[in-house]
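Asker: Just so it is clear, I am handing over structure-v4.cif, which has mmCIF, C-alpha atoms and all ligand atoms.
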data_run
loop_
_atom_site.label_atom_id
_atom_site.label_comp_id
_atom_site.auth_asym_id
_atom_site.auth_seq_id
_atom_site.Cartn_x
_atom_site.Cartn_y
_atom_site.Cartn_z
CA MET A 78 24.74 -12.28 70.47
CA SER A 79 28.13 -12.78 72.09
CA THR A 80 30.72 -10.09 71.58
CA ALA A 81 34.45 -9.94 72.19
CA GLY A 82 33.59 -7.93 75.33
CA ASP A 83 31.99 -11.05 76.88
CA SER A 84 34.95 -13.24 76.04
CA PRO A 85 37.72 -14.32 78.43
CA THR A 86 40.24 -14.44 75.55
CA GLY A 87 38.81 -11.59 73.47
CA CYS A 88 37.68 -14.07 70.80
CA VAL A 89 34.31 -15.78 71.24
CA PHE A 90 35.22 -18.53 68.77
CA CYS A 91 38.50 -19.33 70.57
CA ASP A 92 36.38 -19.64 73.71
CA ILE A 93 34.14 -22.14 71.91
CA VAL A 94 37.23 -24.11 70.77
CA SER A 95 38.53 -24.21 74.36
CA GLU A 96 35.01 -25.06 75.62
CA THR A 97 35.04 -21.94 77.81
CA SER A 98 31.89 -20.81 75.98
CA PRO A 99 29.03 -23.11 75.04
CA ALA A 100 28.11 -24.01 71.49
CA HIS A 101 26.13 -26.66 69.67
CA VAL A 102 29.10 -28.44 68.13
CA VAL A 103 28.11 -30.77 65.30
CA TYR A 104 31.54 -31.84 64.06
CA SER A 105 35.13 -31.64 65.24
CA ASP A 106 38.53 -33.01 64.32
CA ASP A 107 42.16 -32.12 65.02
CA ASP A 108 42.06 -28.98 62.86
CA VAL A 109 38.51 -27.66 62.77
CA ILE A 110 35.21 -27.54 64.59
CA ALA A 111 31.72 -26.87 63.25
CA PHE A 112 28.88 -25.51 65.37
CA LEU A 113 25.45 -24.00 64.88
CA ASP A 114 25.26 -20.28 64.27
CA ILE A 115 23.58 -18.68 67.29
CA SER A 116 21.52 -16.40 65.02
CA PRO A 117 20.85 -18.58 61.99
CA VAL A 118 19.65 -17.30 58.65
CA ALA A 119 18.04 -20.70 58.08
CA ARG A 120 17.50 -23.86 60.17
CA GLY A 121 20.83 -25.71 60.34
CA HIS A 122 23.04 -22.69 59.51
CA THR A 123 26.48 -23.86 60.62
CA LEU A 124 29.88 -22.23 61.06
CA VAL A 125 33.11 -24.10 60.34
CA ILE A 126 36.24 -22.67 61.96
CA PRO A 127 39.91 -23.59 62.37
CA ARG A 128 40.83 -24.49 65.95
CA ARG A 129 43.89 -22.26 65.70
CA HIS A 130 43.04 -18.57 65.77
CA SER A 131 43.31 -16.46 62.64
CA ALA A 132 41.27 -13.35 62.03
CA GLY A 133 40.21 -13.67 58.41
CA LEU A 134 41.24 -14.94 55.00
CA ASP A 135 44.65 -13.25 54.80
CA ASP A 136 46.16 -14.90 57.85
CA VAL A 137 44.58 -18.35 57.90
CA ASP A 138 47.14 -21.11 57.23
CA PRO A 139 46.44 -22.25 53.63
CA ALA A 140 47.11 -25.81 54.80
CA LEU A 141 43.88 -25.51 56.79
CA GLY A 142 41.93 -24.86 53.59
CA ALA A 143 41.46 -28.55 52.90
CA PRO A 144 40.26 -29.52 56.41
CA LEU A 145 37.94 -26.50 56.49
CA LEU A 146 36.44 -27.35 53.12
CA ALA A 147 36.19 -31.04 53.99
CA ALA A 148 34.24 -30.18 57.16
CA ALA A 149 32.02 -27.75 55.23
CA GLN A 150 31.40 -30.55 52.73
CA ARG A 151 30.39 -32.95 55.53
CA VAL A 152 28.01 -30.37 56.98
CA ALA A 153 26.55 -29.61 53.54
CA LYS A 154 25.98 -33.32 52.86
CA ALA A 155 24.29 -33.68 56.25
CA LEU A 156 22.04 -30.69 55.56
CA LYS A 157 20.98 -32.44 52.36
CA GLY A 158 20.21 -35.56 54.43
CA SER A 159 16.82 -36.84 55.49
CA ALA A 160 16.27 -34.64 58.54
CA PHE A 161 17.03 -31.33 56.82
CA ARG A 162 16.23 -31.96 53.16
CA ALA A 163 18.19 -28.98 51.87
CA HIS A 164 18.42 -28.82 48.08
CA GLY A 165 21.64 -26.81 48.17
CA VAL A 166 23.81 -24.67 50.42
CA ASN A 167 25.43 -21.25 50.40
CA VAL A 168 29.04 -21.44 51.57
CA ALA A 169 30.44 -18.03 52.49
CA LEU A 170 33.48 -16.52 54.15
CA ASN A 171 32.96 -12.87 55.07
CA ASP A 172 36.44 -11.33 55.12
CA GLY A 173 36.74 -7.88 56.67
CA ARG A 174 34.31 -5.33 58.05
CA ALA A 175 33.47 -4.13 54.54
CA ALA A 176 32.30 -7.67 53.79
CA MET A 177 30.14 -7.66 56.95
CA GLN A 178 32.52 -9.79 59.02
CA THR A 179 31.55 -9.34 62.66
CA VAL A 180 33.54 -12.11 64.39
CA PHE A 181 37.25 -11.88 63.69
CA HIS A 182 38.10 -15.56 63.89
CA THR A 183 38.10 -17.05 60.40
CA HIS A 184 34.85 -18.92 59.73
CA ILE A 185 32.91 -20.42 56.88
CA HIS A 186 29.13 -20.18 56.86
CA VAL A 187 27.22 -23.19 55.55
CA ILE A 188 23.61 -22.17 55.03
CA PRO A 189 20.98 -24.64 53.79
CA ARG A 190 18.81 -23.60 50.85
CA ARG A 191 15.65 -25.04 49.33
CA HIS A 192 14.12 -24.47 45.93
CA GLY A 193 11.89 -21.41 46.04
CA ASP A 194 13.06 -20.26 49.48
CA LYS A 195 13.95 -16.67 48.45
CA VAL A 196 11.30 -15.08 50.64
CA SER A 197 11.98 -17.20 53.75
CA PHE A 198 15.74 -16.77 53.18
CA ALA A 199 15.37 -12.97 53.02
CA LYS A 200 13.18 -13.09 56.12
CA GLY A 201 15.82 -15.24 57.87
CA LEU A 202 18.50 -12.67 57.03
CA LEU A 203 16.41 -10.02 58.75
CA THR A 204 15.06 -11.93 61.76
CA ARG A 205 17.93 -14.36 62.57
CA ARG A 206 15.75 -16.38 64.98
CA SER A 207 17.67 -19.05 66.90
CA GLY A 208 14.91 -21.69 66.98
CA ASP A 209 15.57 -24.86 68.96
CA LEU A 210 19.34 -25.06 68.52
CA ALA A 211 19.70 -28.04 70.88
CA ALA A 212 17.27 -30.16 68.83
CA ILE A 213 18.77 -29.00 65.53
CA GLY A 214 22.26 -29.81 66.81
CA THR A 215 21.17 -33.32 67.79
CA GLU A 216 19.70 -33.92 64.31
CA LEU A 217 22.72 -32.56 62.47
CA ARG A 218 25.22 -34.48 64.63
CA ALA A 219 23.30 -37.67 63.87
CA GLU A 220 23.36 -36.96 60.12
CA ILE A 221 27.11 -36.28 60.20
CA ALA A 222 27.84 -39.33 62.38
CA ALA A 223 25.92 -41.49 59.88
CA GLN A 224 28.42 -40.49 57.15
CA ARG A 225 31.38 -42.10 58.90
P1 LIG B 301 30.22 -12.90 60.19
O1 LIG B 301 29.25 -11.75 59.96
O2 LIG B 301 30.59 -13.59 58.93
O3 LIG B 301 31.42 -12.46 61.02
O4 LIG B 301 29.41 -13.95 61.01
C1 LIG B 301 29.59 -14.20 62.38
C2 LIG B 301 28.53 -15.17 62.75
O5 LIG B 301 28.82 -15.66 64.04
C3 LIG B 301 27.12 -14.55 62.80
O6 LIG B 301 26.28 -15.24 61.90
C4 LIG B 301 26.70 -14.73 64.27
O7 LIG B 301 25.34 -15.03 64.41
C5 LIG B 301 27.60 -15.87 64.72
N1 LIG B 301 27.92 -15.90 66.13
C6 LIG B 301 28.35 -14.89 66.91
N2 LIG B 301 28.59 -15.31 68.17
C7 LIG B 301 28.31 -16.63 68.18
C8 LIG B 301 28.35 -17.65 69.18
N3 LIG B 301 28.73 -17.39 70.44
N4 LIG B 301 27.99 -18.91 68.84
C9 LIG B 301 27.59 -19.18 67.57
N5 LIG B 301 27.54 -18.28 66.58
C10 LIG B 301 27.89 -17.02 66.88
ZN ZN B 302 39.78 -16.88 67.87
#
Let me see whether you can do it: turn the structure in this file into structure tokens.
Answerer:
Amino acid sequence: MSTAGDSPTGCVFCDIVSETSPAHVVYSDDDVIAFLDISPVARGHTLVIPRRHSAGLDDVDPALGAPLLAAAQRVAKALKGSAFRAHGVNVALNDGRAAMQTVFHTHIHVIPRRHGDKVSFAKGLLTRRSGDLAAIGTELRAEIAAQR
């Protein structure tokens, strides 16, 4: 996993925004980008972040709430699309170390869920296997593009 120590700016997500670091970006607009989590809990686990740096919930511009949620909604709809067939999603913002935040650039997790997936979900939380992120990114981008 990338850490701030590997980052030119000290923030791995700012480096993804500036395209200094690679990521499997599935959606972007003027305010936000969405990319695949490098260590997904489930196939298609996506992070939605504001382009402008903020560390957590306290300091993110509230005006970015709508674009962040709109992008999370797009991703969630795509995960429920034909290629992914999620039945639902968990949307989470871990704010602060006590809440298990590890990357201090505000981000929203969108994690696909299926009926009866408790065991595989728990396993995913423990193993965090990347899988074929390039192929997953291609599928998710196509699902999102089809919404427009
Ligand atoms: P959190 O615990 O809420 O701070 O989650 C941070 C998430 O960022 C974790 O799920 C990591 O797997 C993910 N992550 C860390 N570095 C990268 C990276 N370079 N590209 C994509 N996801 C990352
Ligand atoms: Zn940042």
Asker: Smallest atom-to-atom distance to ligand ZN 302 (chain B): which of A:Arg129, A:Arg151, A:His101, A:His164, using only C-alpha atoms and all ligand atoms?
Answerer: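 Using only C-alpha atoms and all ligand atoms, ligand ZN 302 (chain B) sits closest to A:Arg129.
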Asker: For ligand ZN 302 (chain B), collect every residue having any atom at a distance of at most 8 Å from a ligand atom (counting only C-alpha atoms and all ligand atoms); output as a PDB file with C-alpha atoms, in the coordinates of the input.
Answerer:
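Result file follows (selection21.pdb):
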ATOM      1  CA  GLY A  87      38.810 -11.590  73.470  1.00  0.00           C
ATOM      2  CA  CYS A  88      37.680 -14.070  70.800  1.00  0.00           C
ATOM      3  CA  VAL A  89      34.310 -15.780  71.240  1.00  0.00           C
ATOM      4  CA  PHE A  90      35.220 -18.530  68.770  1.00  0.00           C
ATOM      5  CA  CYS A  91      38.500 -19.330  70.570  1.00  0.00           C
ATOM      6  CA  ASP A  92      36.380 -19.640  73.710  1.00  0.00           C
ATOM      7  CA  ARG A 128      40.830 -24.490  65.950  1.00  0.00           C
ATOM      8  CA  ARG A 129      43.890 -22.260  65.700  1.00  0.00           C
ATOM      9  CA  HIS A 130      43.040 -18.570  65.770  1.00  0.00           C
ATOM     10  CA  SER A 131      43.310 -16.460  62.640  1.00  0.00           C
ATOM     11  CA  ALA A 132      41.270 -13.350  62.030  1.00  0.00           C
ATOM     12  CA  PHE A 181      37.250 -11.880  63.690  1.00  0.00           C
ATOM     13  CA  HIS A 182      38.100 -15.560  63.890  1.00  0.00           C
ATOM     14  CA  THR A 183      38.100 -17.050  60.400  1.00  0.00           C
TER      15      THR A 183
END
Asker: Taking all atoms of stretch 154-168 of chain A that appear in the file, build a box with edges along x, y and z, extend it by 6 Å on every side, and state its centre and edge lengths in Å to one decimal, as lines of an AutoDock Vina configuration file.
Answerer:
center_x = 22.6
center_y = -29.0
center_z = 53.3
size_x = 24.8
size_y = 27.6
size_z = 22.5
Asker: Using all atoms listed in the file for the distances, tell me which of A:Arg120, A:Ser105, A:Ala100, A:Ala223 is nearest to A:Gly208.
Answerer: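 Closest residue, counting all atoms listed in the file: A:Arg120.
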Asker: Could you please determine the separation between atom C4 of ligand LIG 301 (chain B) and atom CA of A:Tyr104 in Å, to one decimal place?
Answerer: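 Computing it gives 17.8 Å between the two atoms.
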Asker: Could you pull out the residues sitting within 10 Å of ligand LIG 301 (chain B), using all atoms listed in the file, and write them as a JSON list (two decimals) with C-alpha atoms, in the coordinates of the input?
Answerer:
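Contents of the output file selection_29.json:
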[["chain", "number", "residue", "atom", "x", "y", "z"],
["A", 78, "MET", "CA", 24.74, -12.28, 70.47],
["A", 79, "SER", "CA", 28.13, -12.78, 72.09],
["A", 80, "THR", "CA", 30.72, -10.09, 71.58],
["A", 81, "ALA", "CA", 34.45, -9.94, 72.19],
["A", 83, "ASP", "CA", 31.99, -11.05, 76.88],
["A", 84, "SER", "CA", 34.95, -13.24, 76.04],
["A", 88, "CYS", "CA", 37.68, -14.07, 70.80],
["A", 89, "VAL", "CA", 34.31, -15.78, 71.24],
["A", 90, "PHE", "CA", 35.22, -18.53, 68.77],
["A", 91, "CYS", "CA", 38.50, -19.33, 70.57],
["A", 92, "ASP", "CA", 36.38, -19.64, 73.71],
["A", 93, "ILE", "CA", 34.14, -22.14, 71.91],
["A", 98, "SER", "CA", 31.89, -20.81, 75.98],
["A", 99, "PRO", "CA", 29.03, -23.11, 75.04],
["A", 100, "ALA", "CA", 28.11, -24.01, 71.49],
["A", 101, "HIS", "CA", 26.13, -26.66, 69.67],
["A", 102, "VAL", "CA", 29.10, -28.44, 68.13],
["A", 111, "ALA", "CA", 31.72, -26.87, 63.25],
["A", 112, "PHE", "CA", 28.88, -25.51, 65.37],
["A", 113, "LEU", "CA", 25.45, -24.00, 64.88],
["A", 114, "ASP", "CA", 25.26, -20.28, 64.27],
["A", 115, "ILE", "CA", 23.58, -18.68, 67.29],
["A", 116, "SER", "CA", 21.52, -16.40, 65.02],
["A", 117, "PRO", "CA", 20.85, -18.58, 61.99],
["A", 118, "VAL", "CA", 19.65, -17.30, 58.65],
["A", 122, "HIS", "CA", 23.04, -22.69, 59.51],
["A", 123, "THR", "CA", 26.48, -23.86, 60.62],
["A", 124, "LEU", "CA", 29.88, -22.23, 61.06],
["A", 132, "ALA", "CA", 41.27, -13.35, 62.03],
["A", 133, "GLY", "CA", 40.21, -13.67, 58.41],
["A", 169, "ALA", "CA", 30.44, -18.03, 52.49],
["A", 170, "LEU", "CA", 33.48, -16.52, 54.15],
["A", 171, "ASN", "CA", 32.96, -12.87, 55.07],
["A", 172, "ASP", "CA", 36.44, -11.33, 55.12],
["A", 173, "GLY", "CA", 36.74, -7.88, 56.67],
["A", 174, "ARG", "CA", 34.31, -5.33, 58.05],
["A", 176, "ALA", "CA", 32.30, -7.67, 53.79],
["A", 177, "MET", "CA", 30.14, -7.66, 56.95],
["A", 178, "GLN", "CA", 32.52, -9.79, 59.02],
["A", 179, "THR", "CA", 31.55, -9.34, 62.66],
["A", 180, "VAL", "CA", 33.54, -12.11, 64.39],
["A", 181, "PHE", "CA", 37.25, -11.88, 63.69],
["A", 182, "HIS", "CA", 38.10, -15.56, 63.89],
["A", 183, "THR", "CA", 38.10, -17.05, 60.40],
["A", 184, "HIS", "CA", 34.85, -18.92, 59.73],
["A", 185, "ILE", "CA", 32.91, -20.42, 56.88],
["A", 186, "HIS", "CA", 29.13, -20.18, 56.86],
["A", 202, "LEU", "CA", 18.50, -12.67, 57.03],
["A", 205, "ARG", "CA", 17.93, -14.36, 62.57],
["A", 206, "ARG", "CA", 15.75, -16.38, 64.98],
["A", 207, "SER", "CA", 17.67, -19.05, 66.90]]
Asker: Atom CA of A:Val166 and atom CA of A:Lys154, how far apart in Å?
Answerer: 9.2 Å
Asker: For a cut-off of 8 Å around (19.4, -32.5, 61.3), file coordinates, pick out all residues using only C-alpha atoms and list them as a ChimeraX atom specification.
Answerer: /A:121,155-156,158-161,213-220
Asker: Could you check which of A:Asp138, A:Thr204, A:Ile221, A:Lys195 is closest to A:Gln150, using all atoms listed in the file?
Answerer: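 Going through A:Asp138, A:Thr204, A:Ile221, A:Lys195 one by one, the smallest distance to A:Gln150 is for A:Ile221.
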Asker: Residues within 6 Å of A:Ala163, please, as a ChimeraX atom specification. Count all atoms listed in the file; anything in the same chain fewer than 6 positions from it doesn't count.
Answerer: /A:156-157,189-191
Asker: In Å, rounded to a single decimal, give me how far atom CA of A:Val168 is from atom CA of A:Gly193.
Answerer: 18.0 Å
Asker: Which one of A:Asp209, A:Asp108, A:Glu96, A:Asp194 sits closest to A:Ala143 if you count all atoms listed in the file?
Answerer: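 Looking at the shortest contact to A:Ala143, the residue is A:Asp108.
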Asker: Find the residue from A:Thr86, A:Leu134, A:Leu210, A:Ile110 that sits nearest to A:Ala147; use all atoms listed in the file when measuring.
Answerer: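 Ranking A:Thr86, A:Leu134, A:Leu210, A:Ile110 by distance to A:Ala147, first place goes to A:Ile110.
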Asker: For each of A:Val137, A:Pro127, A:Asn167, A:Val152, take the minimum atom-to-atom distance to A:Val103, counting all atoms listed in the file, then give the residue where this is smallest.
Answerer: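 Nearest to A:Val103: A:Val152.
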Asker: Could you pull the residues within 7 Å of A:Leu145, counting all atoms listed in the file, minus those fewer than 4 positions along the same chain, as a list in words?
Answerer: Val109, Val125, Ile126, Pro127, Leu141 and Ala149 of chain A
